[in-house]
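J.: What follows is the file run.cif, containing mmCIF, C-alpha atoms and all ligand atoms:
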```
data_target
#
loop_
_atom_site.label_atom_id
_atom_site.label_comp_id
_atom_site.auth_asym_id
_atom_site.auth_seq_id
_atom_site.Cartn_x
_atom_site.Cartn_y
_atom_site.Cartn_z
CA MET A 1 275.88 206.95 75.98
CA GLU A 2 273.68 203.86 76.04
CA VAL A 3 273.85 201.84 79.27
CA ILE A 4 273.23 198.08 79.22
CA VAL A 5 272.82 196.60 82.69
CA ALA A 6 273.92 192.97 83.04
CA LYS A 7 273.04 190.64 85.92
CA ASN A 8 276.64 189.60 86.54
CA TYR A 9 280.08 189.24 84.98
CA GLU A 10 279.09 186.29 82.77
CA ASP A 11 275.98 188.08 81.52
CA MET A 12 278.02 191.24 80.79
CA SER A 13 280.60 189.19 78.88
CA LYS A 14 277.88 187.45 76.83
CA LYS A 15 276.06 190.67 75.97
CA ALA A 16 279.27 192.45 74.92
CA CYS A 17 280.24 189.38 72.87
CA ALA A 18 276.89 189.37 71.03
CA HIS A 19 277.39 193.06 70.18
CA ILE A 20 280.86 192.45 68.74
CA VAL A 21 279.82 189.32 66.84
CA SER A 22 277.08 191.30 65.12
CA ARG A 23 279.59 194.00 64.14
CA ILE A 24 282.03 191.44 62.69
CA LYS A 25 279.17 189.91 60.69
CA GLU A 26 278.33 193.34 59.28
CA LYS A 27 282.00 194.06 58.52
CA PRO A 28 284.27 190.99 58.39
CA ASP A 29 287.38 193.20 58.15
CA LEU A 30 286.43 195.12 61.28
CA VAL A 31 289.22 197.11 62.93
CA LEU A 32 288.82 196.22 66.58
CA GLY A 33 290.45 198.03 69.48
CA LEU A 34 291.24 195.71 72.39
CA ALA A 35 291.92 196.03 76.10
CA THR A 36 293.67 193.75 78.59
CA GLY A 37 293.08 193.43 82.35
CA SER A 38 290.59 191.18 84.16
CA THR A 39 287.41 192.66 82.75
CA PRO A 40 287.52 191.53 79.09
CA ILE A 41 288.68 187.95 79.80
CA GLY A 42 285.08 186.63 79.89
CA LEU A 43 284.30 188.49 76.68
CA TYR A 44 287.33 186.90 75.00
CA GLN A 45 286.25 183.45 76.20
CA ASN A 46 282.82 184.02 74.68
CA LEU A 47 284.36 185.20 71.40
CA ILE A 48 286.52 182.05 71.31
CA ALA A 49 283.38 179.93 71.85
CA GLU A 50 281.61 181.75 68.98
CA TYR A 51 284.59 180.99 66.74
CA LYS A 52 284.70 177.32 67.80
CA ASN A 53 280.97 177.00 67.12
CA ASN A 54 281.64 178.23 63.57
CA ASN A 55 279.50 181.28 64.15
CA ILE A 56 282.22 183.79 63.43
CA SER A 57 285.60 184.15 61.72
CA PHE A 58 288.38 186.57 62.61
CA ARG A 59 290.32 185.85 59.42
CA ARG A 60 290.02 189.41 58.14
CA VAL A 61 289.73 191.22 61.47
CA VAL A 62 292.50 193.67 62.40
CA THR A 63 293.18 194.53 66.05
CA PHE A 64 294.92 197.36 67.88
CA ASN A 65 295.54 197.10 71.60
CA LEU A 66 295.29 200.11 73.84
CA ASP A 67 298.57 199.82 75.66
CA GLU A 68 301.73 197.94 76.61
CA TYR A 69 304.24 198.10 79.45
CA VAL A 70 307.62 199.57 78.57
CA GLY A 71 310.48 197.13 79.05
CA LEU A 72 308.57 193.86 78.69
CA ASP A 73 308.84 191.83 75.51
CA GLY A 74 306.14 189.57 74.12
CA ASN A 75 307.54 186.47 75.83
CA ASP A 76 307.14 188.01 79.25
CA PRO A 77 303.96 186.58 80.83
CA ASN A 78 303.10 190.05 82.12
CA SER A 79 303.32 191.74 78.74
CA TYR A 80 300.07 192.60 77.07
CA ARG A 81 301.25 190.83 73.90
CA TYR A 82 301.54 187.61 75.91
CA PHE A 83 298.13 188.25 77.51
CA MET A 84 296.42 188.76 74.15
CA ASP A 85 298.08 185.73 72.54
CA HIS A 86 297.02 183.48 75.39
CA GLN A 87 293.60 184.93 76.19
CA LEU A 88 292.43 185.30 72.59
CA PHE A 89 294.66 185.21 69.52
CA ASN A 90 296.02 181.66 69.92
CA HIS A 91 292.46 180.29 70.05
CA ILE A 92 290.92 181.95 66.98
CA ASP A 93 291.68 182.15 63.26
CA ILE A 94 293.04 185.69 63.30
CA ASP A 95 296.16 186.47 61.25
CA LYS A 96 298.69 187.44 63.93
CA ASN A 97 300.28 189.85 61.44
CA ASN A 98 297.09 191.86 61.78
CA THR A 99 297.23 192.08 65.58
CA PHE A 100 298.97 195.26 66.69
CA ILE A 101 300.19 196.13 70.16
CA PRO A 102 302.66 198.93 70.93
CA ASP A 103 306.20 197.56 71.21
CA GLY A 104 307.36 198.22 74.76
CA THR A 105 310.91 197.23 73.84
CA ALA A 106 311.26 199.61 70.88
CA GLU A 107 314.59 201.44 70.90
CA ASN A 108 312.91 204.74 70.15
CA ILE A 109 309.65 204.88 72.10
CA GLU A 110 308.62 208.28 70.69
CA GLU A 111 309.01 206.90 67.20
CA GLU A 112 307.04 203.79 68.15
CA CYS A 113 304.15 205.98 69.35
CA LYS A 114 304.10 207.94 66.09
CA ASN A 115 304.25 204.76 64.03
CA TYR A 116 301.36 203.27 66.00
CA GLU A 117 299.18 206.27 65.23
CA ALA A 118 300.15 206.08 61.54
CA LEU A 119 299.31 202.36 61.44
CA ILE A 120 295.84 202.95 62.88
CA LYS A 121 295.26 205.58 60.17
CA LYS A 122 296.58 203.23 57.48
CA PHE A 123 293.85 200.74 58.38
CA GLY A 124 291.19 203.43 58.18
CA GLY A 125 290.86 204.02 61.93
CA ILE A 126 289.36 201.87 64.66
CA ASP A 127 285.77 200.79 64.07
CA LEU A 128 285.03 199.58 67.58
CA GLN A 129 287.15 200.14 70.68
CA ILE A 130 286.72 197.96 73.77
CA LEU A 131 287.60 199.68 77.04
CA GLY A 132 287.85 198.76 80.70
CA ILE A 133 288.03 201.38 83.43
CA GLY A 134 290.47 201.84 86.29
CA ARG A 135 289.22 202.66 89.79
CA ASN A 136 290.56 206.18 89.27
CA GLY A 137 288.78 206.43 85.93
CA HIS A 138 291.78 205.71 83.74
CA ILE A 139 291.17 204.38 80.25
CA GLY A 140 294.07 202.69 78.54
CA PHE A 141 296.87 204.01 80.75
CA ASN A 142 295.59 207.57 80.55
CA GLU A 143 295.67 208.61 84.16
CA PRO A 144 293.76 211.53 85.75
CA GLY A 145 294.95 214.81 84.28
CA SER A 146 295.54 213.41 80.78
CA PRO A 147 294.36 215.88 78.15
CA PHE A 148 291.37 214.75 76.12
CA ASN A 149 293.31 215.46 72.91
CA SER A 150 296.31 213.29 73.86
CA ARG A 151 297.73 210.87 71.29
CA THR A 152 299.61 207.58 71.63
CA GLN A 153 302.37 208.36 74.09
CA TYR A 154 304.97 207.28 76.61
CA ILE A 155 303.60 207.76 80.13
CA ARG A 156 304.57 207.18 83.76
CA LEU A 157 302.07 204.92 85.53
CA ALA A 158 300.21 206.28 88.55
CA GLU A 159 301.30 204.55 91.77
CA SER A 160 297.70 203.43 92.39
CA THR A 161 297.68 201.73 88.99
CA ARG A 162 301.03 200.01 89.66
CA GLN A 163 299.65 198.80 92.99
CA ALA A 164 296.39 197.55 91.41
CA ASN A 165 298.35 195.69 88.72
CA SER A 166 300.96 194.30 91.12
CA ARG A 167 298.60 191.36 91.73
CA PHE A 168 300.00 189.87 88.52
CA PHE A 169 303.70 190.41 89.41
CA PRO A 170 305.97 188.79 92.02
CA SER A 171 306.23 192.13 93.84
CA LEU A 172 305.39 195.83 93.41
CA ASP A 173 309.02 196.50 92.45
CA ASP A 174 308.60 194.25 89.43
CA VAL A 175 305.73 196.34 88.00
CA PRO A 176 307.03 198.55 85.20
CA THR A 177 306.99 202.28 85.90
CA HIS A 178 306.19 203.31 82.33
CA ALA A 179 303.92 202.29 79.49
CA ILE A 180 302.87 203.21 75.99
CA THR A 181 299.19 204.02 75.69
CA MET A 182 296.85 205.22 73.01
CA GLY A 183 295.87 208.76 73.95
CA ILE A 184 292.37 209.82 74.88
CA GLY A 185 292.18 211.70 71.56
CA THR A 186 293.14 208.48 69.77
CA ILE A 187 290.46 206.52 71.63
CA LEU A 188 287.79 209.13 70.89
CA GLU A 189 288.46 208.77 67.17
CA ALA A 190 287.15 205.19 67.22
CA LYS A 191 283.81 205.07 65.41
CA GLU A 192 282.21 203.23 68.31
CA ILE A 193 283.22 202.58 71.93
CA LEU A 194 282.24 199.72 74.23
CA LEU A 195 283.07 200.20 77.91
CA LEU A 196 282.88 197.11 80.13
CA ILE A 197 282.53 197.53 83.89
CA SER A 198 282.19 194.74 86.43
CA GLY A 199 282.49 194.23 90.16
CA LYS A 200 281.96 196.12 93.40
CA GLY A 201 285.46 197.61 93.21
CA LYS A 202 284.26 199.76 90.30
CA GLN A 203 281.23 201.30 92.05
CA GLU A 204 282.89 204.64 92.69
CA ALA A 205 284.13 204.81 89.10
CA VAL A 206 280.61 204.07 87.83
CA ARG A 207 279.11 206.71 90.10
CA ARG A 208 281.56 209.31 88.79
CA LEU A 209 281.03 208.27 85.17
CA PHE A 210 277.27 208.65 85.46
CA THR A 211 277.26 211.90 87.43
CA GLU A 212 280.22 214.01 86.34
CA GLU A 213 280.47 216.26 83.33
CA PRO A 214 283.45 215.49 81.08
CA ASN A 215 286.58 216.53 83.02
CA GLU A 216 290.25 215.62 82.79
CA ASP A 217 290.47 214.54 86.44
CA PHE A 218 288.30 211.59 85.48
CA PRO A 219 289.58 210.32 82.10
CA ALA A 220 286.65 207.96 81.38
CA SER A 221 284.30 210.95 81.37
CA ALA A 222 285.80 211.80 77.95
CA ILE A 223 283.62 209.12 76.36
CA LYS A 224 280.56 211.23 77.19
CA THR A 225 281.65 213.53 74.36
CA HIS A 226 281.53 210.62 71.87
CA PRO A 227 278.40 210.06 69.77
CA LYS A 228 278.35 206.24 69.86
CA VAL A 229 279.13 204.64 73.22
CA PHE A 230 277.72 201.49 74.84
CA VAL A 231 278.44 200.91 78.52
CA PHE A 232 278.00 197.30 79.66
CA VAL A 233 277.83 197.35 83.44
CA ASP A 234 276.97 194.56 85.85
CA GLU A 235 274.78 194.94 88.94
CA ASP A 236 277.76 194.68 91.32
CA ALA A 237 279.41 197.67 89.69
CA LEU A 238 276.33 199.87 89.88
CA ALA A 239 276.81 202.16 92.85
CA SER A 240 274.66 201.19 95.83
CA GLU A 241 271.76 203.41 96.83
CA SER A 242 272.94 203.77 100.41
C1 LIG B 1 294.09 197.54 79.86
C2 LIG B 1 293.71 198.91 80.13
C3 LIG B 1 293.27 199.37 81.49
C4 LIG B 1 292.23 198.46 82.13
C5 LIG B 1 291.84 198.98 83.52
C6 LIG B 1 290.86 198.05 84.23
O1 LIG B 1 294.51 197.40 78.51
O2 LIG B 1 293.81 199.68 79.25
O3 LIG B 1 292.75 200.68 81.36
O4 LIG B 1 291.11 198.39 81.31
O5 LIG B 1 292.99 199.12 84.31
O6 LIG B 1 291.50 196.86 84.51
P1 LIG B 1 290.71 195.59 85.08
O7 LIG B 1 289.82 195.12 83.98
O8 LIG B 1 291.78 194.58 85.41
O9 LIG B 1 289.94 196.06 86.26
#
```
Spit out the file's structure as structure tokens when you get a sec.

T.:
Amino acid sequence: MEVIVAKNYEDMSKKACAHIVSRIKEKPDLVLGLATGSTPIGLYQNLIAEYKNNNISFRRVVTFNLDEYVGLDGNDPNSYRYFMDHQLFNHIDIDKNNTFIPDGTAENIEEECKNYEALIKKFGGIDLQILGIGRNGHIGFNEPGSPFNSRTQYIRLAESTRQANSRFFPSLDDVPTHAITMGIGTILEAKEILLLISGKGKQEAVRRLFTEEPNEDFPASAIKTHPKVFVFVDEDALASES
């Protein structure tokens, strides 16, 4: 696990962007795993700027998102499809047919999970997976207790996660109770993992990530078993000495 300390959110976003740009230059048909949430927004803005400056093209890039709420379709402003379209895809030259996000409105969710796994395999697996981290250590929507060999699945969201995400919804009651998420086993099969961590609210999660052995009570610790991980963390997120 290589740790890259950034001065602040903007610096973290720039450094992570430079890393991804270099990977797309090495492999223009990169299979990129994406995350939503607040953390990667700055990264996506930097990637858009790189595209607009003609430094990079996403024409052949394929993307797979980590997760999606169950019950929200892509026109719902709180769906992760809507988030990705507006935060990234609509502003770059990616072929939208090559942007994959689990379908939270699928009639058969179990089937949807299996198909998602098969699709990732069809594209040769994920080359580089971007992750954020929840305060409780969740990655994707894999909450504490998720087995490290879990695959894409239908899960019930932890109440703490629903509360954290309720900031985007009119009220807590409007936050979906279930989601589809890549499993931890699925995430660990990515050839490379980039974890982005920013802000004081993540200090406890950072402390646990750096000090704990891999354990299922703290899902993000699973990445310590992966051979190629880069953690981009800003100074606010580094746990204080006191
Ligand atoms: C989002 C995702 C989540 C977030 C995590 C942190 O696709 O998979 O695991 O990365 O909840 O969210 P933020 O960045 O909003 O703190």

J.: Do you know which residues are within 8 Å of ligand LIG 1 (chain B) using only C-alpha atoms and all ligand atoms? Can you write them as a ChimeraX atom specification?

T.: /A:34-40,65-68,80,131-135,138-142,161,165,181,197-198,202

J.: Show which residues sit within 9 Å of Gln203 (chain A), as a PDB file with C-alpha atoms, in the frame of the given file. Count all atoms listed in the file, and ignore same-chain residues fewer than 5 positions away.

T.:
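Result file follows (selection_33.pdb):
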```
ATOM      1  CA  ARG A 135     289.220 202.660  89.790  1.00  0.00           C
ATOM      2  CA  SER A 198     282.190 194.740  86.430  1.00  0.00           C
ATOM      3  CA  ARG A 208     281.560 209.310  88.790  1.00  0.00           C
ATOM      4  CA  ASP A 236     277.760 194.680  91.320  1.00  0.00           C
ATOM      5  CA  ALA A 237     279.410 197.670  89.690  1.00  0.00           C
ATOM      6  CA  LEU A 238     276.330 199.870  89.880  1.00  0.00           C
ATOM      7  CA  ALA A 239     276.810 202.160  92.850  1.00  0.00           C
ATOM      8  CA  SER A 240     274.660 201.190  95.830  1.00  0.00           C
TER       9      SER A 240
END
```

J.: Rounded to one decimal in Å, what is the spacing between CA of Ile120 (chain A) and CA of Ala205 (chain A)?

T.: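 Result for CA of Ile120 (chain A) versus CA of Ala205 (chain A): 28.8 Å, one decimal.
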
J.: For region 49-57 of chain A, list every protein, DNA or RNA residue within 7 Å, evaluated using all atoms listed in the file, and leave out those in the same chain fewer than 4 positions away; present the list as a ChimeraX atom specification.

T.: /A:21,45,92-93

J.: Between CA of Lys96 (chain A) and CA of Glu111 (chain A), what is the distance, to one decimal in Å?

T.: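 For CA of Lys96 (chain A) relative to CA of Glu111 (chain A), the distance reads 22.3 Å.
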
J.: Here is a test: counting all atoms listed in the file, which residue of A:Lys121, A:His178, A:Asn97, A:Tyr44 is nearest to Ile109 (chain A)?

T.: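 Closest to Ile109 (chain A) of all the choices is A:His178.
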
J.: Could you check how far CA of Asn8 (chain A) sits from CA of Glu235 (chain A), in Å to one decimal?

T.: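 CA of Glu235 (chain A) lies at a distance of 6.1 Å from CA of Asn8 (chain A).
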
J.: When you count all atoms listed in the file, which of these residues is closest to Thr152 (chain A): A:Glu117, A:Glu107, A:Glu216, A:Glu189?

T.: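 The shortest atom-to-atom distance to Thr152 (chain A) comes from A:Glu117.
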
J.: Which one of A:Met1, A:Leu47, A:Glu112, A:Leu128 sits closest to Leu209 (chain A) if you count all atoms listed in the file?

T.: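 Checking each of A:Met1, A:Leu47, A:Glu112, A:Leu128 against Leu209 (chain A), counting all atoms listed in the file, the winner is A:Met1.
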